[in-house]
>>> print(open('protein-v6.cif').read())   # mmCIF, C-alpha atoms
data_input
loop_
_atom_site.label_atom_id
_atom_site.label_comp_id
_atom_site.auth_asym_id
_atom_site.auth_seq_id
_atom_site.Cartn_x
_atom_site.Cartn_y
_atom_site.Cartn_z
CA MET A 16 4.69 64.08 6.63
CA TYR A 17 5.91 61.17 4.50
CA GLN A 18 8.59 62.06 1.99
CA LYS A 19 7.35 59.43 -0.43
CA ILE A 20 9.76 58.05 -2.97
CA VAL A 21 8.92 55.22 -5.33
CA ALA A 22 10.62 52.21 -3.81
CA ASN A 23 11.36 50.24 -6.96
CA THR A 24 13.68 52.80 -8.50
CA PRO A 25 17.22 51.51 -9.17
CA LYS A 26 18.65 53.90 -6.58
CA PHE A 27 16.18 53.06 -3.81
CA LEU A 28 16.39 49.38 -2.97
CA MET A 29 16.77 49.15 0.79
CA PHE A 30 13.46 50.23 2.32
CA ASP A 31 10.25 52.16 1.84
CA LEU A 32 8.27 53.73 4.69
CA GLN A 33 4.56 53.92 3.97
CA PRO A 34 1.53 55.03 5.99
CA LEU A 35 -0.55 52.16 7.36
CA ILE A 36 -4.14 52.51 6.16
CA ASP A 37 -7.15 50.35 5.49
CA ASN A 38 -6.65 48.00 2.52
CA LYS A 39 -9.57 46.38 0.74
CA ASN A 40 -7.31 43.98 -1.14
CA PHE A 41 -4.60 41.69 0.12
CA ILE A 42 -1.04 42.90 -0.35
CA PHE A 43 1.19 40.16 -1.74
CA GLY A 44 4.70 41.55 -2.05
CA ALA A 45 8.34 40.55 -2.16
CA ASP A 46 9.40 42.67 0.83
CA TYR A 47 9.76 42.09 4.54
CA ILE A 48 7.28 44.32 6.33
CA LEU A 49 7.24 45.80 9.83
CA ILE A 50 3.74 46.91 10.82
CA ARG A 51 3.42 49.40 13.65
CA PRO A 52 -0.12 50.42 14.64
CA LYS A 53 -0.37 53.89 16.17
CA LYS A 54 -4.11 53.67 16.82
CA ASN A 55 -6.23 50.92 18.35
CA GLY A 56 -8.90 49.26 16.23
CA CYS A 57 -6.65 47.82 13.51
CA ILE A 58 -7.20 44.24 12.39
CA LEU A 59 -4.47 42.36 10.56
CA HIS A 60 -5.78 39.79 8.08
CA LEU A 61 -3.42 36.96 7.16
CA SER A 62 -5.37 34.88 4.66
CA SER A 63 -8.23 33.52 6.80
CA THR A 64 -6.67 34.57 10.13
CA GLN A 65 -7.61 37.86 11.82
CA ILE A 66 -5.41 39.43 14.50
CA PRO A 67 -6.52 42.56 16.39
CA LEU A 68 -3.62 45.00 16.75
CA ALA A 69 -3.05 47.64 19.40
CA VAL A 70 -0.72 50.53 20.05
CA GLY A 71 2.61 49.28 21.37
CA GLN A 72 2.74 46.19 19.17
CA LEU A 73 4.94 45.41 16.20
CA VAL A 74 4.38 42.77 13.51
CA LEU A 75 7.10 41.31 11.28
CA LEU A 76 6.03 39.59 8.08
CA ALA A 77 8.24 37.77 5.59
CA PRO A 78 7.88 38.17 1.81
CA PHE A 79 4.84 36.59 0.14
CA ASN A 80 2.69 36.55 3.28
CA PRO A 81 -0.54 38.00 1.87
CA PHE A 82 -2.07 40.48 4.31
CA LYS A 83 -4.40 43.43 4.59
CA ILE A 84 -5.39 45.89 7.30
CA SER A 85 -8.94 46.80 8.19
CA VAL A 86 -9.66 49.77 10.40
CA GLU A 87 -12.61 50.33 12.70
CA ALA A 88 -13.20 53.94 11.68
CA VAL A 89 -15.68 55.96 9.67
CA ASN A 90 -12.91 57.24 7.41
CA ASN A 91 -11.10 54.06 6.39
CA LYS A 92 -8.35 56.09 4.66
CA ILE A 93 -7.09 57.51 7.94
CA THR A 94 -3.44 56.77 8.68
CA VAL A 95 -3.29 54.42 11.64
CA GLY A 96 0.38 53.59 11.75
CA ASP A 97 3.53 52.80 9.79
CA ALA A 98 4.35 50.02 7.34
CA LEU A 99 8.10 49.72 6.84
CA HIS A 100 8.89 47.66 3.74
CA PHE A 101 12.49 46.51 3.50
CA ARG A 102 14.45 44.06 1.39
CA LEU A 103 17.70 42.16 1.84
CA ASN A 104 18.92 41.96 -1.73
CA ALA A 105 20.04 45.58 -1.58
CA LEU A 106 22.59 44.63 1.08
CA GLY A 107 24.32 42.01 -1.05
CA GLN A 108 24.67 38.30 -0.33
CA THR A 109 28.11 38.73 1.23
CA PHE A 110 26.71 40.99 3.94
CA ILE A 111 23.65 38.81 4.53
CA ASP A 112 25.84 35.72 4.97
CA SER A 113 28.20 37.45 7.40
CA ILE A 114 28.43 36.29 11.01
CA GLN A 115 27.43 39.74 12.24
CA PHE A 116 24.12 39.49 10.37
CA ASN A 117 23.35 35.96 11.56
CA ASN A 118 20.90 36.86 14.34
CA ILE A 119 18.91 39.11 12.04
CA LYS A 120 18.86 36.46 9.33
CA ASN A 121 17.55 33.84 11.79
CA MET A 122 14.81 36.19 12.97
CA LEU A 123 13.75 36.94 9.41
CA ASP A 124 13.63 33.22 8.63
CA HIS A 125 11.16 32.73 11.49
CA ALA A 126 9.05 35.60 10.16
CA LYS A 127 7.67 33.30 7.47
CA GLN A 128 4.82 32.53 9.89
CA GLY A 129 4.50 36.12 11.05
CA LEU A 130 5.85 37.42 14.37
CA LEU A 131 3.98 39.66 16.81
CA PHE A 132 6.09 41.63 19.29
CA GLU A 133 4.72 43.33 22.40
CA SER A 134 7.12 44.54 25.07
CA GLU A 135 8.32 47.64 26.90
CA GLU A 136 11.61 47.06 25.10
CA LEU A 137 9.93 48.15 21.86
CA GLU A 138 9.97 51.79 22.95
CA SER A 139 13.58 52.21 21.83
CA LEU A 140 12.66 50.61 18.47
CA PHE A 141 9.76 53.00 18.03
CA GLU A 142 12.15 55.90 18.57
CA ILE A 143 14.30 54.57 15.72
CA MET A 144 11.24 54.18 13.48
CA ASP A 145 10.24 57.77 14.22
CA ASN A 146 13.60 58.88 12.80
CA ILE A 147 13.32 56.86 9.58
CA GLU A 148 12.50 58.83 6.45
CA ASN A 149 12.45 57.95 2.77
CA THR A 150 15.72 59.68 1.98
CA PHE A 151 19.07 58.55 0.64
CA ASP A 152 21.00 59.68 3.73
CA PHE A 153 23.41 57.03 4.97
CA LYS A 154 22.01 57.38 8.48
CA GLN A 155 18.75 55.87 7.22
CA LEU A 156 20.57 52.65 6.37
CA LEU A 157 22.09 52.64 9.87
CA ASN A 158 18.63 53.19 11.35
CA ILE A 159 17.27 50.15 9.53
CA LEU A 160 20.14 47.92 10.63
CA MET A 161 19.95 49.18 14.21
CA LEU A 162 16.20 48.57 14.23
CA LEU A 163 16.59 44.97 13.06
CA ASP A 164 19.46 44.31 15.45
CA GLN A 165 17.48 45.53 18.46
CA LEU A 166 14.41 43.57 17.37
CA THR A 167 16.44 40.34 17.56
CA LYS A 168 16.83 41.01 21.30
CA THR A 169 13.05 41.05 21.83
CA LYS A 170 11.22 37.75 22.14
CA PRO A 171 8.10 37.48 19.95
CA GLN A 172 4.87 37.52 21.92
CA GLN A 173 3.10 35.39 19.35
CA ILE A 174 3.79 33.45 16.17
CA LEU A 175 1.04 34.15 13.68
CA GLU A 176 0.00 31.13 11.65
CA THR A 177 -0.62 31.96 8.02
CA HIS A 178 -2.37 30.02 5.34
CA GLN A 179 -0.33 27.28 3.69
CA LEU A 180 -0.78 29.09 0.38
CA ALA A 181 1.81 31.62 1.48
CA PHE A 182 4.40 28.91 2.14
CA ALA A 183 3.65 27.12 -1.12
CA THR A 184 4.00 30.36 -3.08
CA THR A 185 7.25 31.23 -1.33
CA LYS A 186 8.64 27.80 -2.14
CA ARG A 187 7.62 28.08 -5.80
CA THR A 188 9.29 31.47 -5.99
CA GLU A 189 12.49 30.15 -4.41
CA ASN A 190 12.49 27.26 -6.88
CA ARG A 191 12.08 29.66 -9.80
CA VAL A 192 14.96 31.82 -8.60
CA ASP A 193 17.17 28.75 -8.16
CA LEU A 194 16.21 27.50 -11.62
CA VAL A 195 17.10 30.73 -13.40
CA LEU A 196 20.40 31.16 -11.51
CA GLN A 197 21.38 27.57 -12.28
CA TYR A 198 20.51 28.05 -15.94
CA ILE A 199 22.66 31.18 -16.13
CA THR A 200 25.59 29.43 -14.43
CA THR A 201 25.35 26.39 -16.70
CA ASN A 202 25.05 28.44 -19.90
CA LEU A 203 27.36 31.33 -19.05
CA ALA A 204 29.31 31.01 -22.31
CA GLU A 205 26.15 31.12 -24.41
CA PRO A 206 24.63 34.34 -25.83
CA LEU A 207 22.08 34.68 -23.02
CA THR A 208 19.29 37.23 -23.32
CA VAL A 209 16.20 38.15 -21.31
CA THR A 210 14.10 36.43 -23.95
CA ILE A 211 16.01 33.15 -23.74
CA VAL A 212 16.04 32.96 -19.94
CA ALA A 213 12.43 34.15 -19.59
CA GLN A 214 11.38 31.20 -21.73
CA GLN A 215 12.83 28.84 -19.10
CA LEU A 216 10.25 30.15 -16.62
CA HIS A 217 7.50 30.50 -19.24
CA MET A 218 7.32 34.23 -18.52
CA ALA A 219 6.89 37.25 -20.73
CA GLU A 220 10.05 39.35 -21.02
CA SER A 221 8.65 42.29 -19.06
CA THR A 222 7.31 40.02 -16.30
CA PHE A 223 10.62 38.18 -16.06
CA SER A 224 12.59 41.45 -15.87
CA ARG A 225 10.46 42.64 -12.94
CA PHE A 226 10.67 39.22 -11.28
CA PHE A 227 14.45 39.10 -11.61
CA HIS A 228 15.04 42.63 -10.32
CA THR A 229 12.67 42.10 -7.38
CA HIS A 230 14.39 38.96 -6.16
CA LEU A 231 18.02 39.63 -7.08
CA GLY A 232 18.18 43.38 -6.56
CA VAL A 233 19.90 43.96 -9.89
CA THR A 234 18.87 43.83 -13.52
CA PHE A 235 19.34 40.64 -15.51
CA ARG A 236 22.03 42.26 -17.64
CA GLN A 237 23.99 43.50 -14.64
CA TYR A 238 23.83 40.10 -12.93
CA LEU A 239 24.97 38.33 -16.09
CA ILE A 240 27.96 40.66 -16.49
CA GLU A 241 28.94 40.22 -12.84
CA GLN A 242 28.82 36.41 -13.08
CA ARG A 243 30.88 36.41 -16.28
CA VAL A 244 33.51 38.68 -14.75
CA LYS A 245 33.67 36.56 -11.59
CA GLN A 246 34.14 33.37 -13.59
CA ALA A 247 36.75 35.07 -15.77
CA ALA A 248 38.69 36.11 -12.65
CA ARG A 249 38.73 32.49 -11.49
CA TYR A 250 40.06 31.35 -14.87
CA LEU A 251 42.73 34.07 -14.86
CA VAL A 252 44.09 32.67 -11.62
CA SER A 253 43.55 28.95 -12.09
CA THR A 254 44.45 28.48 -15.80
CA ASP A 255 47.05 29.47 -18.38
CA TRP A 256 44.42 30.26 -20.99
CA THR A 257 44.87 33.42 -23.02
CA ILE A 258 42.88 36.52 -22.14
CA ALA A 259 40.94 36.30 -25.41
CA TYR A 260 40.09 32.63 -24.82
CA ILE A 261 38.84 33.31 -21.28
CA GLY A 262 36.68 36.19 -22.49
CA ALA A 263 35.04 33.94 -25.08
CA GLU A 264 34.74 31.08 -22.59
CA VAL A 265 32.62 33.17 -20.20
CA GLY A 266 30.42 34.59 -22.94
CA PHE A 267 31.80 37.99 -23.92
CA SER A 268 31.30 38.76 -27.59
CA SER A 269 34.70 40.41 -28.09
CA LEU A 270 38.01 40.98 -26.34
CA SER A 271 37.38 44.73 -26.12
CA ASN A 272 33.99 44.16 -24.50
CA PHE A 273 35.54 41.73 -22.03
CA ASN A 274 38.30 44.18 -21.09
CA GLU A 275 35.82 47.02 -20.69
CA LYS A 276 33.36 45.14 -18.45
CA PHE A 277 36.12 43.53 -16.39
CA LYS A 278 37.80 46.88 -15.72
CA THR A 279 34.47 48.56 -14.91
CA LEU A 280 33.76 46.06 -12.14
CA LEU A 281 37.20 45.21 -10.78
CA HIS A 282 38.93 48.49 -11.68
CA VAL A 283 41.78 46.67 -13.40
CA THR A 284 42.24 44.96 -16.77
CA PRO A 285 42.21 41.15 -16.99
CA ARG A 286 45.92 41.18 -17.80
CA HIS A 287 46.80 43.25 -14.74
CA TYR A 288 44.44 41.21 -12.56
CA ARG A 289 46.28 38.03 -13.50
CA ALA A 290 49.67 39.68 -12.91
CA ASN A 291 48.58 41.04 -9.54
CA HIS A 292 47.42 37.63 -8.35
CA LEU A 293 50.25 35.42 -9.45
CA SER A 294 50.85 34.50 -5.81
CA LEU A 295 47.61 32.50 -5.86
CA ARG A 296 49.14 30.22 -8.46
CA GLU A 297 51.41 28.82 -5.76
CA ASN A 298 48.36 26.99 -4.46
CA ILE A 299 47.11 25.97 -7.88
CA ASP A 300 46.58 22.38 -6.69
CA ASN A 301 44.51 23.55 -3.75
CA SER A 302 41.18 24.59 -5.20
CA GLN A 303 39.81 25.51 -1.77
CA SER A 304 42.68 27.91 -1.20
CA ILE A 305 42.12 29.54 -4.58
CA GLN A 306 38.39 29.77 -4.00
CA GLY A 307 38.94 31.35 -0.59
CA GLN A 308 41.35 33.97 -1.88
CA LEU A 309 39.13 34.80 -4.82
CA GLN A 310 36.15 35.10 -2.53
CA LYS A 311 37.98 37.79 -0.55
CA GLN A 312 38.54 39.69 -3.77
CA PHE A 313 34.88 39.41 -4.71
CA HIS A 314 33.78 40.51 -1.24
CA GLN A 315 35.76 43.71 -1.71
CA TRP A 316 34.45 44.06 -5.26
CA GLN A 317 30.76 43.61 -4.30
CA THR A 318 30.93 46.47 -1.82
CA ASN A 319 32.08 48.77 -4.62
CA VAL A 320 29.86 47.61 -7.48
CA VAL A 321 27.68 50.34 -8.89
CA VAL A 322 24.54 48.97 -10.54
#
>>> encode(input="protein-v6.cif", output="structure tokens")
Amino acid sequence: MYQKIVANTPKFLMFDLQPLIDNKNFIFGADYILIRPKKNGCILHLSSTQIPLAVGQLVLLAPFNPFKISVEAVNNKITVGDALHFRLNALGQTFIDSIQFNNIKNMLDHAKQGLLFESEELESLFEIMDNIENTFDFKQLLNILMLLDQLTKTKPQQILETHQLAFATTKRTENRVDLVLQYITTNLAEPLTVTIVAQQLHMAESTFSRFFHTHLGVTFRQYLIEQRVKQAARYLVSTDWTIAYIGAEVGFSSLSNFNEKFKTLLHVTPRHYRANHLSLRENIDNSQSIQGQLQKQFHQWQTNVVV
């Protein structure tokens, strides 16, 4: 029985296990998807390509690869397997960029063309999938990571060629994400709002909010606050500017608001943060040293941020 939980809730960002059934329409989502057929007779449609699937196989698809499943059965609503949707943004960029995650990241990059696995080694992966449930237990996160890690040790049986539309759409999406992040960085001191930034992408506010949360894993407001606090922390270490000036420089409307948001994220006031990191000023002429030390602070901070 599937303990179904809506996957796009703020508290449920990592994965969503769904039954694999016949789909009349193509699914075009922002998640990675692992497809595991449990019955023969399934056909995977990737744009104009059709791939028959069988028990014992596993398919990995990257985001924005449009697909659908057709089932050779009288009752096309019968559950024929599992579809495990998962997303990286819930892990945080620091974790994704870590050396330990490198093999998984490389595998997921290759999944843009679709990967079909078929091996006796998949049995241990299927056991992990059988233990995955849509719950908030920490062990479910470990199951997902263990599943991906073991999958990197299995060579794909086939690379599935998808229609070029999927690649073009993925590239356009990546460009849009880059554009909005660059705009936020460049205009951090300005009174940024969803309306203002949505206009840069020619999107309605509601559409932009969904787009931003899907691809960044946090709301626009939360991301903006995090970036302002991070930039403020850099200024606290690398300049002699006053606390009030720094708060205004990174876009906070008042000193009290700056102090509140800074303390919420870093668990210390701007004044105490500067005092606690005076040792970094010894390398004030070495921007790389400062950046490296600050990055360590932000790595620790990101693991504790509550969205």
>>> residues_around(input="protein-v6.cif", residues="region 273-281 of chain A", least_positions_apart="2", cutoff="7 Å", atoms="only C-alpha atoms", output="list in words")
Val244, Gly262, Phe267, Ser269, Leu270, Ser271, Val283, Thr284, Pro285, Trp316 and Val320 of chain A
>>> closest_residue(input="protein-v6.cif", among="A:Leu194, A:Ile174, A:Leu203, A:Ala213", to="Arg225 (chain A)", atoms="only C-alpha atoms")
A:Ala213
>>> resolve_selection(input="protein-v6.cif", expression="the PyMOL selection byres ((chain A and resi 101) around 8)", output="PDB file with C-alpha atoms, in the frame of the given file")
ATOM      1  CA  MET A  29      16.770  49.150   0.790  1.00  0.00           C
ATOM      2  CA  PHE A  30      13.460  50.230   2.320  1.00  0.00           C
ATOM      3  CA  ASP A  31      10.250  52.160   1.840  1.00  0.00           C
ATOM      4  CA  ASP A  46       9.400  42.670   0.830  1.00  0.00           C
ATOM      5  CA  TYR A  47       9.760  42.090   4.540  1.00  0.00           C
ATOM      6  CA  ILE A  48       7.280  44.320   6.330  1.00  0.00           C
ATOM      7  CA  LEU A  99       8.100  49.720   6.840  1.00  0.00           C
ATOM      8  CA  HIS A 100       8.890  47.660   3.740  1.00  0.00           C
ATOM      9  CA  ARG A 102      14.450  44.060   1.390  1.00  0.00           C
ATOM     10  CA  LEU A 103      17.700  42.160   1.840  1.00  0.00           C
TER      11      LEU A 103
END
>>> closest_residue(input="protein-v6.cif", among="A:Asn272, A:Asn118, A:Asn190, A:Asn202", to="Asp164 (chain A)", atoms="all atoms listed in the file")
A:Asn118
>>> residues_around(input="protein-v6.cif", residues="Ser224 (chain A)", least_positions_apart="6", cutoff="10 Å", atoms="all atoms listed in the file", output="ChimeraX atom specification")
/A:209-210,213,218,233-236
>>> resolve_selection(input="protein-v6.cif", expression="the PyMOL selection byres ((chain A and resi 223) around 12)", output="ChimeraX atom specification")
/A:191-192,195,208-222,224-231,234-235
>>> closest_residue(input="protein-v6.cif", among="A:Met144, A:Leu157, A:Ala259, A:Leu35", to="Thr94 (chain A)", atoms="only C-alpha atoms")
A:Leu35
>>> closest_residue(input="protein-v6.cif", among="A:Gly129, A:Leu32, A:Tyr238, A:Leu123", to="Leu196 (chain A)", atoms="all atoms listed in the file")
A:Tyr238
>>> atom_distance(input="protein-v6.cif", atom1="CA of Ala98 (chain A)", atom2="CA of Asn117 (chain A)")
24.0 Å
>>> atom_distance(input="protein-v6.cif", atom1="CA of His60 (chain A)", atom2="CA of Gln172 (chain A)")
17.6 Å
>>> atom_distance(input="protein-v6.cif", atom1="CA of Leu140 (chain A)", atom2="CA of Gly96 (chain A)")
14.3 Å
>>> closest_residue(input="protein-v6.cif", among="A:Asn104, A:Gln128, A:Thr200, A:Gln115", to="Leu61 (chain A)", atoms="all atoms listed in the file")
A:Gln128
>>> closest_residue(input="protein-v6.cif", among="A:Thr169, A:Gln242, A:Gln33, A:Asn146", to="Leu130 (chain A)", atoms="all atoms listed in the file")
A:Thr169
